[in-house]
Structures are given as structure tokens and as C-alpha cells.
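Asks: One file is attached below, input.pdb, containing PDB, C-alpha atoms, pLDDT in the B column.
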```pdb
ATOM      1  CA  MET S   1      97.902 110.228-126.345  1.00 84.00           C
ATOM      2  CA  THR S   2     100.166 107.190-126.302  1.00 88.00           C
ATOM      3  CA  LYS S   3     102.355 108.492-129.130  1.00 90.00           C
ATOM      4  CA  THR S   4     104.703 111.443-129.452  1.00 93.00           C
ATOM      5  CA  LEU S   5     102.494 114.456-130.088  1.00 92.00           C
ATOM      6  CA  PRO S   6     102.872 116.119-133.519  1.00 94.00           C
ATOM      7  CA  PHE S   7     104.030 119.455-132.101  1.00 96.00           C
ATOM      8  CA  ALA S   8     107.415 121.083-131.763  1.00 97.00           C
ATOM      9  CA  SER S   9     108.990 121.290-128.326  1.00 98.00           C
ATOM     10  CA  ALA S  10     108.212 124.473-126.368  1.00 98.00           C
ATOM     11  CA  PHE S  11     105.312 125.293-128.722  1.00 98.00           C
ATOM     12  CA  PHE S  12     102.327 126.067-126.444  1.00 98.00           C
ATOM     13  CA  ASP S  13     101.719 128.594-123.657  1.00 98.00           C
ATOM     14  CA  LEU S  14      98.792 126.627-122.216  1.00 98.00           C
ATOM     15  CA  ILE S  15      97.574 123.038-122.268  1.00 98.00           C
ATOM     16  CA  PHE S  16      94.051 122.222-121.150  1.00 98.00           C
ATOM     17  CA  HIS S  17      94.009 118.480-120.476  1.00 97.00           C
ATOM     18  CA  PRO S  18      90.441 117.311-119.718  1.00 95.00           C
ATOM     19  CA  VAL S  19      89.701 114.104-117.843  1.00 94.00           C
ATOM     20  CA  SER S  20      91.027 111.585-120.354  1.00 95.00           C
ATOM     21  CA  ASN S  21      93.878 109.692-118.685  1.00 95.00           C
ATOM     22  CA  CYS S  22      91.350 106.977-117.862  1.00 94.00           C
ATOM     23  CA  TYR S  23      91.804 105.836-121.492  1.00 94.00           C
ATOM     24  CA  VAL S  24      95.607 105.572-121.272  1.00 95.00           C
ATOM     25  CA  GLU S  25      97.481 102.855-119.447  1.00 96.00           C
ATOM     26  CA  ASP S  26     100.744 104.837-119.077  1.00 95.00           C
ATOM     27  CA  VAL S  27     100.119 108.400-117.894  1.00 96.00           C
ATOM     28  CA  TYR S  28     103.823 109.163-117.435  1.00 97.00           C
ATOM     29  CA  HIS S  29     104.106 109.444-121.215  1.00 97.00           C
ATOM     30  CA  VAL S  30     101.237 111.964-121.261  1.00 97.00           C
ATOM     31  CA  TRP S  31     102.892 114.197-118.653  1.00 98.00           C
ATOM     32  CA  ASN S  32     106.283 113.989-120.358  1.00 98.00           C
ATOM     33  CA  GLU S  33     104.753 115.026-123.681  1.00 98.00           C
ATOM     34  CA  CYS S  34     102.868 117.913-122.053  1.00 98.00           C
ATOM     35  CA  PHE S  35     106.116 119.104-120.490  1.00 98.00           C
ATOM     36  CA  ARG S  36     107.962 118.816-123.802  1.00 98.00           C
ATOM     37  CA  ILE S  37     105.482 120.847-125.846  1.00 98.00           C
ATOM     38  CA  LEU S  38     104.921 123.616-123.269  1.00 98.00           C
ATOM     39  CA  LYS S  39     107.049 126.748-123.382  1.00 98.00           C
ATOM     40  CA  PRO S  40     108.967 127.665-120.227  1.00 98.00           C
ATOM     41  CA  GLY S  41     106.482 129.452-117.992  1.00 98.00           C
ATOM     42  CA  GLY S  42     103.636 127.602-119.716  1.00 98.00           C
ATOM     43  CA  VAL S  43     100.667 126.316-117.745  1.00 98.00           C
ATOM     44  CA  LEU S  44      99.147 122.844-117.650  1.00 98.00           C
ATOM     45  CA  LEU S  45      95.528 122.690-116.481  1.00 98.00           C
ATOM     46  CA  ALA S  46      94.731 119.003-116.024  1.00 98.00           C
ATOM     47  CA  GLY S  47      91.573 117.202-114.995  1.00 97.00           C
ATOM     48  CA  MET S  48      91.808 113.657-113.690  1.00 96.00           C
ATOM     49  CA  ASP S  49      89.633 110.909-112.304  1.00 92.00           C
ATOM     50  CA  ASN S  50      91.153 109.904-108.961  1.00 90.00           C
ATOM     51  CA  GLY S  51      90.176 106.278-109.604  1.00 90.00           C
ATOM     52  CA  ILE S  52      87.890 105.750-106.629  1.00 88.00           C
ATOM     53  CA  SER S  53      84.799 105.275-108.804  1.00 85.00           C
ATOM     54  CA  TYR S  54      86.358 102.127-110.278  1.00 89.00           C
ATOM     55  CA  LEU S  55      86.078 100.452-106.867  1.00 88.00           C
ATOM     56  CA  PHE S  56      82.302 100.437-106.834  1.00 86.00           C
ATOM     57  CA  ASP S  57      79.424  98.672-108.528  1.00 84.00           C
ATOM     58  CA  GLU S  58      77.517 100.968-110.897  1.00 78.00           C
ATOM     59  CA  GLU S  59      74.149  99.662-109.663  1.00 81.00           C
ATOM     60  CA  GLU S  60      75.077  99.822-105.963  1.00 82.00           C
ATOM     61  CA  PRO S  61      77.389 102.844-105.631  1.00 75.00           C
ATOM     62  CA  LEU S  62      78.703 101.903-102.175  1.00 81.00           C
ATOM     63  CA  LYS S  63      79.367  98.226-102.912  1.00 89.00           C
ATOM     64  CA  VAL S  64      83.080  97.566-103.495  1.00 92.00           C
ATOM     65  CA  VAL S  65      83.576  95.166-106.413  1.00 91.00           C
ATOM     66  CA  ASN S  66      87.021  95.970-107.885  1.00 90.00           C
ATOM     67  CA  LYS S  67      90.600  96.397-106.747  1.00 91.00           C
ATOM     68  CA  LEU S  68      92.694  99.411-107.637  1.00 92.00           C
ATOM     69  CA  PRO S  69      94.403 100.137-109.862  1.00 92.00           C
ATOM     70  CA  PHE S  70      91.670  99.127-112.296  1.00 94.00           C
ATOM     71  CA  ASN S  71      93.289  97.660-115.419  1.00 96.00           C
ATOM     72  CA  PRO S  72      91.206  95.400-117.693  1.00 95.00           C
ATOM     73  CA  LEU S  73      94.304  94.516-119.745  1.00 96.00           C
ATOM     74  CA  LYS S  74      95.620  92.634-116.724  1.00 95.00           C
ATOM     75  CA  ASP S  75      92.321  90.956-115.791  1.00 93.00           C
ATOM     76  CA  PRO S  76      90.444  88.954-118.468  1.00 94.00           C
ATOM     77  CA  GLU S  77      87.151  89.138-116.525  1.00 91.00           C
ATOM     78  CA  LEU S  78      87.318  92.942-116.268  1.00 91.00           C
ATOM     79  CA  PHE S  79      88.168  93.134-119.973  1.00 94.00           C
ATOM     80  CA  LYS S  80      85.162  90.987-120.904  1.00 93.00           C
ATOM     81  CA  LYS S  81      82.835  93.044-118.682  1.00 90.00           C
ATOM     82  CA  SER S  82      84.182  96.338-120.116  1.00 90.00           C
ATOM     83  CA  VAL S  83      83.535  95.164-123.673  1.00 92.00           C
ATOM     84  CA  GLU S  84      80.079  93.773-122.867  1.00 91.00           C
ATOM     85  CA  ASN S  85      79.040  97.045-121.176  1.00 88.00           C
ATOM     86  CA  ASN S  86      80.429  99.187-124.027  1.00 90.00           C
ATOM     87  CA  ASP S  87      82.587 101.014-121.460  1.00 85.00           C
ATOM     88  CA  GLY S  88      85.666 101.084-123.638  1.00 87.00           C
ATOM     89  CA  ILE S  89      88.941 100.081-122.054  1.00 93.00           C
ATOM     90  CA  GLN S  90      89.506 102.338-119.071  1.00 94.00           C
ATOM     91  CA  PHE S  91      92.173 102.499-116.400  1.00 95.00           C
ATOM     92  CA  SER S  92      92.384 103.969-112.937  1.00 95.00           C
ATOM     93  CA  HIS S  93      95.604 105.642-111.877  1.00 96.00           C
ATOM     94  CA  THR S  94      97.149 106.320-108.519  1.00 95.00           C
ATOM     95  CA  LEU S  95      97.764 109.838-107.271  1.00 94.00           C
ATOM     96  CA  GLU S  96     101.454 108.981-107.513  1.00 96.00           C
ATOM     97  CA  GLU S  97     100.999 108.440-111.263  1.00 96.00           C
ATOM     98  CA  GLN S  98      98.721 111.432-111.775  1.00 97.00           C
ATOM     99  CA  ILE S  99     100.162 114.156-109.575  1.00 97.00           C
ATOM    100  CA  GLY S 100     103.548 112.583-108.927  1.00 97.00           C
ATOM    101  CA  GLY S 101     103.865 112.012-112.667  1.00 98.00           C
ATOM    102  CA  GLN S 102     103.469 115.720-113.345  1.00 98.00           C
ATOM    103  CA  ILE S 103     106.160 116.512-110.775  1.00 98.00           C
ATOM    104  CA  LYS S 104     108.417 113.747-112.135  1.00 98.00           C
ATOM    105  CA  ALA S 105     108.056 115.248-115.634  1.00 98.00           C
ATOM    106  CA  GLY S 106     109.373 118.549-114.261  1.00 98.00           C
ATOM    107  CA  PHE S 107     106.211 120.523-113.533  1.00 98.00           C
ATOM    108  CA  ILE S 108     105.762 122.695-110.467  1.00 98.00           C
ATOM    109  CA  LEU S 109     102.316 122.160-108.983  1.00 98.00           C
ATOM    110  CA  THR S 110     100.600 125.471-108.176  1.00 98.00           C
ATOM    111  CA  GLY S 111      97.011 124.389-107.600  1.00 98.00           C
ATOM    112  CA  LEU S 112      94.937 121.360-106.650  1.00 97.00           C
ATOM    113  CA  TYR S 113      91.158 121.098-106.689  1.00 96.00           C
ATOM    114  CA  GLU S 114      88.634 118.294-106.081  1.00 94.00           C
ATOM    115  CA  ASP S 115      85.133 117.859-107.466  1.00 92.00           C
ATOM    116  CA  HIS S 116      82.151 115.505-107.433  1.00 86.00           C
ATOM    117  CA  ASN S 117      79.927 114.147-110.151  1.00 79.00           C
ATOM    118  CA  SER S 118      76.275 113.184-109.958  1.00 67.00           C
ATOM    119  CA  ILE S 119      76.829 109.615-108.701  1.00 65.00           C
ATOM    120  CA  ASP S 120      79.451 110.230-106.068  1.00 65.00           C
ATOM    121  CA  ASP S 121      77.815 112.366-103.416  1.00 73.00           C
ATOM    122  CA  TYR S 122      79.843 110.519-100.777  1.00 77.00           C
ATOM    123  CA  TYR S 123      83.341 111.318-102.061  1.00 82.00           C
ATOM    124  CA  PRO S 124      85.102 113.576-104.547  1.00 88.00           C
ATOM    125  CA  SER S 125      86.091 111.575-107.608  1.00 88.00           C
ATOM    126  CA  PHE S 126      87.789 114.200-109.746  1.00 93.00           C
ATOM    127  CA  ILE S 127      90.956 116.222-109.334  1.00 95.00           C
ATOM    128  CA  ALA S 128      92.150 119.238-111.259  1.00 97.00           C
ATOM    129  CA  THR S 129      95.682 120.548-111.076  1.00 98.00           C
ATOM    130  CA  ARG S 130      97.413 123.676-112.242  1.00 98.00           C
ATOM    131  CA  ALA S 131     101.097 123.236-112.940  1.00 98.00           C
ATOM    132  CA  ILE S 132     103.758 125.341-114.600  1.00 98.00           C
ATOM    133  CA  LYS S 133     106.825 124.473-116.600  1.00 98.00           C
ATOM    134  CA  PRO S 134     109.769 126.326-115.031  1.00 98.00           C
TER     135      PRO S 134
END
```
Go ahead and express the file in the form of C-alpha cells.
Replies:
Amino acid sequence: MTKTLPFASAFFDLIFHPVSNCYVEDVYHVWNECFRILKPGGVLLAGMDNGISYLFDEEEPLKVVNKLPFNPLKDPELFKKSVENNDGIQFSHTLEEQIGGQIKAGFILTGLYEDHNSIDDYYPSFIATRAIKP
């Protein structure tokens, strides 16, 4: 996802982008590539983690232990903990990066949805958007 995708420009009618930006430090590149490979009138359905879960301790879900944005490449202690817990290297992103990034890439946002997972009964932690390429 950090490289130019191996598809021609204006190739797809639909992109389904599941929650995966948490594994990419620069989401602007992702949105720009999605815009490039979609045909005019094409639809981007994107799922995103809104980042709030990165604030909290996994054992005590309401105990704040991290700052946002969560970036273990900029914090050696977070990096060490991520490796020790076999979490992979994950990143939180702001809504400005996630939703604003789609708009900045040229998309027109036509839908926004929120959802919960099993550990976050107190707040929605996922967002899904529907956007079109004009």
C-alpha cells in the first residue's frame, strides 16, 4: 500500500478498502492511489479505524495510556512494546488524514458510517465512508 499500485489509471469501477490504514504511516498516498486507479464515477468504499482505541490500555479499556496520533516509529518505547506483543507496527490517523485525505485526493464524500467492535462498547471506533470520483 505504500507503493504505486500495479494498475492502470482509471481501471476500476469500485474499490473496497477494508480497515487496513492502521498498517500504513502515510494514508495520503493510499487515497491518491485509489483516486488514480478508479474510473470517473467510480466508488470507493473505505473502512477505517478512527484511532481512539490506541489511547487505551488493552487490559483496562478505559485507562488512557497513549497519545494520539499513535506512531511507534516515532517512539522507541511504543515500538518495543508493539514488537514484544506481536502487534505489528500500527498507526492511528486523524480524521483529517482519513476523511480529509479522501477529499484532498479529489473524492466527493457521499456517505459516512460509524461502528463498534466487541471491546469498545463505550464509543464507536470504526468509520466507513462512501466516496465517488467525479
Asks: Hey, what comes out of the PyMOL selection byres ((chain S and resi 5) around 12) on this file? Could you write it as a ChimeraX atom specification?
Replies: /S:1-4,6-9,11,29-38
Asks: Determine, for each residue of segment 87-115 of chain S having at least one atom at most 10 Å from an atom of segment 42-64 of chain S, the closest pair of atoms and their separation in Å to one decimal, counting only C-alpha atoms; order by chain and ascending number, as JSON lines.
Replies:
```
{"residue": "S:Gln90", "atom": "CA", "partner": "S:Tyr54", "partner_atom": "CA", "distance": 9.3}
{"residue": "S:Phe91", "atom": "CA", "partner": "S:Gly51", "partner_atom": "CA", "distance": 8.0}
{"residue": "S:Ser92", "atom": "CA", "partner": "S:Gly51", "partner_atom": "CA", "distance": 4.6}
{"residue": "S:His93", "atom": "CA", "partner": "S:Gly51", "partner_atom": "CA", "distance": 5.9}
{"residue": "S:Thr94", "atom": "CA", "partner": "S:Asn50", "partner_atom": "CA", "distance": 7.0}
{"residue": "S:Leu95", "atom": "CA", "partner": "S:Asn50", "partner_atom": "CA", "distance": 6.8}
{"residue": "S:Gln98", "atom": "CA", "partner": "S:Met48", "partner_atom": "CA", "distance": 7.5}
{"residue": "S:Ile99", "atom": "CA", "partner": "S:Met48", "partner_atom": "CA", "distance": 9.3}
{"residue": "S:Gln102", "atom": "CA", "partner": "S:Leu44", "partner_atom": "CA", "distance": 9.4}
{"residue": "S:Phe107", "atom": "CA", "partner": "S:Leu44", "partner_atom": "CA", "distance": 8.5}
{"residue": "S:Ile108", "atom": "CA", "partner": "S:Val43", "partner_atom": "CA", "distance": 9.6}
{"residue": "S:Leu109", "atom": "CA", "partner": "S:Leu44", "partner_atom": "CA", "distance": 9.3}
{"residue": "S:Thr110", "atom": "CA", "partner": "S:Val43", "partner_atom": "CA", "distance": 9.6}
{"residue": "S:Gly111", "atom": "CA", "partner": "S:Leu45", "partner_atom": "CA", "distance": 9.2}
{"residue": "S:Leu112", "atom": "CA", "partner": "S:Ala46", "partner_atom": "CA", "distance": 9.7}
{"residue": "S:Tyr113", "atom": "CA", "partner": "S:Gly47", "partner_atom": "CA", "distance": 9.2}
{"residue": "S:Glu114", "atom": "CA", "partner": "S:Asn50", "partner_atom": "CA", "distance": 9.2}
{"residue": "S:Asp115", "atom": "CA", "partner": "S:Asp49", "partner_atom": "CA", "distance": 9.6}
```
Asks: Using atom CA of Lys39 of chain S and atom CA of Phe126 of chain S as the two end points, give the distance in Å to one decimal.
Replies: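 Distance reported for this atom pair: 26.7 Å.
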Asks: For a cut-off of 12 Å around (91.6, 94.8, -113.5), file coordinates, pick out all residues using all atoms listed in the file and list them as a list in words.
Replies: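 Looking at atoms near the point gives Glu25, Tyr54, Leu55, Val65, Asn66, Lys67, Leu68, Pro69, Phe70, Asn71, Pro72, Leu73, Lys74, Asp75, Pro76, Glu77, Leu78, Phe79, Lys80, Lys81, Ser82, Ile89, Gln90, Phe91, Ser92 and His93 of chain S.
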Asks: Report, in Å with one decimal, the straight-line distance from atom CA of Val83 of chain S to atom CA of Ala128 of chain S.
Replies: 28.4 Å
Asks: Closest to Ala131 of chain S among S:His116, S:Pro40, S:Asn21, S:Asn85, using only C-alpha atoms?
Replies: S:Pro40
Asks: Report the distance between atom CA of His17 of chain S and atom CA of Asn86 of chain S in Å, rounded to one decimal place.
Replies: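 We find that atom CA of His17 of chain S and atom CA of Asn86 of chain S lie 23.9 Å from each other.
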Asks: Taking the structure I provided as the source, export segment 39-87 of chain S with N, CA and C atoms, as a compact mmCIF listing (two decimals), in the first residue's frame.
Replies:
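Output file selection_29.txt is given in full below:
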```
# COMPACT_ATOMS: atom_id res chain seq x y z
N LYS S 39 -12.09 4.69 -12.11
CA LYS S 39 -12.66 5.38 -13.27
C LYS S 39 -13.49 6.56 -12.79
N PRO S 40 -13.67 7.58 -13.62
CA PRO S 40 -14.62 8.64 -13.25
C PRO S 40 -15.99 8.03 -12.97
N GLY S 41 -16.61 8.45 -11.90
CA GLY S 41 -17.87 7.88 -11.47
C GLY S 41 -17.70 6.65 -10.59
N GLY S 42 -16.44 6.20 -10.43
CA GLY S 42 -16.16 5.03 -9.61
C GLY S 42 -16.37 5.32 -8.13
N VAL S 43 -16.57 4.25 -7.38
CA VAL S 43 -16.91 4.36 -5.95
C VAL S 43 -15.80 3.75 -5.10
N LEU S 44 -15.46 4.47 -4.05
CA LEU S 44 -14.54 3.99 -3.02
C LEU S 44 -15.34 3.72 -1.76
N LEU S 45 -15.35 2.46 -1.32
CA LEU S 45 -15.93 2.09 -0.04
C LEU S 45 -14.77 1.80 0.90
N ALA S 46 -14.59 2.63 1.92
CA ALA S 46 -13.40 2.53 2.76
C ALA S 46 -13.77 2.37 4.23
N GLY S 47 -13.15 1.40 4.87
CA GLY S 47 -13.28 1.21 6.30
C GLY S 47 -12.03 1.70 6.99
N MET S 48 -12.20 2.35 8.13
CA MET S 48 -11.06 2.93 8.84
C MET S 48 -11.25 2.81 10.34
N ASP S 49 -10.15 2.66 11.04
CA ASP S 49 -10.12 2.76 12.49
C ASP S 49 -9.99 4.25 12.78
N ASN S 50 -10.82 4.79 13.66
CA ASN S 50 -10.73 6.23 13.93
C ASN S 50 -9.60 6.58 14.89
N GLY S 51 -8.88 5.57 15.37
CA GLY S 51 -7.70 5.82 16.20
C GLY S 51 -7.94 5.84 17.69
N ILE S 52 -9.18 5.97 18.12
CA ILE S 52 -9.43 6.14 19.55
C ILE S 52 -8.99 4.93 20.38
N SER S 53 -9.04 3.74 19.81
CA SER S 53 -8.65 2.55 20.56
C SER S 53 -7.18 2.57 20.96
N TYR S 54 -6.36 3.30 20.20
CA TYR S 54 -4.93 3.38 20.53
C TYR S 54 -4.67 4.17 21.80
N LEU S 55 -5.63 4.94 22.25
CA LEU S 55 -5.48 5.70 23.50
C LEU S 55 -5.40 4.80 24.72
N PHE S 56 -6.12 3.68 24.67
CA PHE S 56 -6.42 2.93 25.89
C PHE S 56 -5.57 1.68 26.09
N ASP S 57 -5.47 1.29 27.33
CA ASP S 57 -4.80 0.06 27.74
C ASP S 57 -5.67 -1.12 27.33
N GLU S 58 -5.08 -2.16 26.78
CA GLU S 58 -5.85 -3.33 26.36
C GLU S 58 -6.47 -4.08 27.54
N GLU S 59 -5.79 -4.07 28.68
CA GLU S 59 -6.29 -4.77 29.86
C GLU S 59 -7.35 -3.96 30.61
N GLU S 60 -7.22 -2.64 30.56
CA GLU S 60 -8.18 -1.74 31.22
C GLU S 60 -8.71 -0.78 30.16
N PRO S 61 -9.77 -1.15 29.46
CA PRO S 61 -10.22 -0.42 28.28
C PRO S 61 -10.55 1.06 28.47
N LEU S 62 -10.71 1.54 29.69
CA LEU S 62 -10.99 2.96 29.88
C LEU S 62 -9.81 3.72 30.48
N LYS S 63 -8.66 3.07 30.56
CA LYS S 63 -7.46 3.72 31.10
C LYS S 63 -6.63 4.26 29.93
N VAL S 64 -6.47 5.59 29.89
CA VAL S 64 -5.70 6.22 28.83
C VAL S 64 -4.21 6.01 29.09
N VAL S 65 -3.50 5.46 28.09
CA VAL S 65 -2.08 5.19 28.25
C VAL S 65 -1.23 5.73 27.10
N ASN S 66 -1.84 6.15 26.00
CA ASN S 66 -1.08 6.64 24.84
C ASN S 66 -1.63 7.97 24.36
N LYS S 67 -0.76 8.71 23.67
CA LYS S 67 -1.15 9.93 22.99
C LYS S 67 -1.50 9.58 21.55
N LEU S 68 -2.29 10.45 20.94
CA LEU S 68 -2.59 10.31 19.52
C LEU S 68 -1.94 11.46 18.76
N PRO S 69 -1.50 11.27 17.56
CA PRO S 69 -1.56 10.00 16.83
C PRO S 69 -0.54 9.00 17.36
N PHE S 70 -0.94 7.74 17.31
CA PHE S 70 -0.12 6.62 17.77
C PHE S 70 0.84 6.26 16.63
N ASN S 71 2.14 6.40 16.89
CA ASN S 71 3.14 6.11 15.86
C ASN S 71 4.39 5.52 16.52
N PRO S 72 4.52 4.19 16.52
CA PRO S 72 5.67 3.56 17.17
C PRO S 72 7.00 3.84 16.47
N LEU S 73 6.99 4.35 15.26
CA LEU S 73 8.25 4.71 14.60
C LEU S 73 8.83 6.00 15.16
N LYS S 74 8.02 6.75 15.88
CA LYS S 74 8.48 8.00 16.48
C LYS S 74 8.63 7.90 17.99
N ASP S 75 8.42 6.69 18.54
CA ASP S 75 8.51 6.49 19.98
C ASP S 75 9.13 5.11 20.24
N PRO S 76 10.42 5.06 20.62
CA PRO S 76 11.10 3.78 20.80
C PRO S 76 10.41 2.84 21.80
N GLU S 77 9.78 3.40 22.83
CA GLU S 77 9.10 2.55 23.82
C GLU S 77 7.85 1.90 23.21
N LEU S 78 7.09 2.66 22.44
CA LEU S 78 5.93 2.08 21.75
C LEU S 78 6.36 1.01 20.74
N PHE S 79 7.46 1.26 20.05
CA PHE S 79 7.97 0.29 19.08
C PHE S 79 8.32 -1.02 19.78
N LYS S 80 9.06 -0.91 20.88
CA LYS S 80 9.46 -2.10 21.64
C LYS S 80 8.23 -2.88 22.12
N LYS S 81 7.25 -2.17 22.67
CA LYS S 81 6.03 -2.81 23.17
C LYS S 81 5.26 -3.47 22.02
N SER S 82 5.18 -2.83 20.87
CA SER S 82 4.47 -3.39 19.71
C SER S 82 5.12 -4.69 19.25
N VAL S 83 6.44 -4.71 19.23
CA VAL S 83 7.17 -5.92 18.82
C VAL S 83 6.99 -7.02 19.85
N GLU S 84 7.15 -6.68 21.13
CA GLU S 84 7.01 -7.68 22.19
C GLU S 84 5.61 -8.30 22.23
N ASN S 85 4.58 -7.53 21.92
CA ASN S 85 3.20 -8.02 21.95
C ASN S 85 2.76 -8.64 20.63
N ASN S 86 3.68 -8.72 19.66
CA ASN S 86 3.34 -9.24 18.33
C ASN S 86 2.18 -8.51 17.70
N ASP S 87 2.11 -7.19 17.93
CA ASP S 87 1.03 -6.36 17.37
C ASP S 87 1.31 -5.91 15.95
```
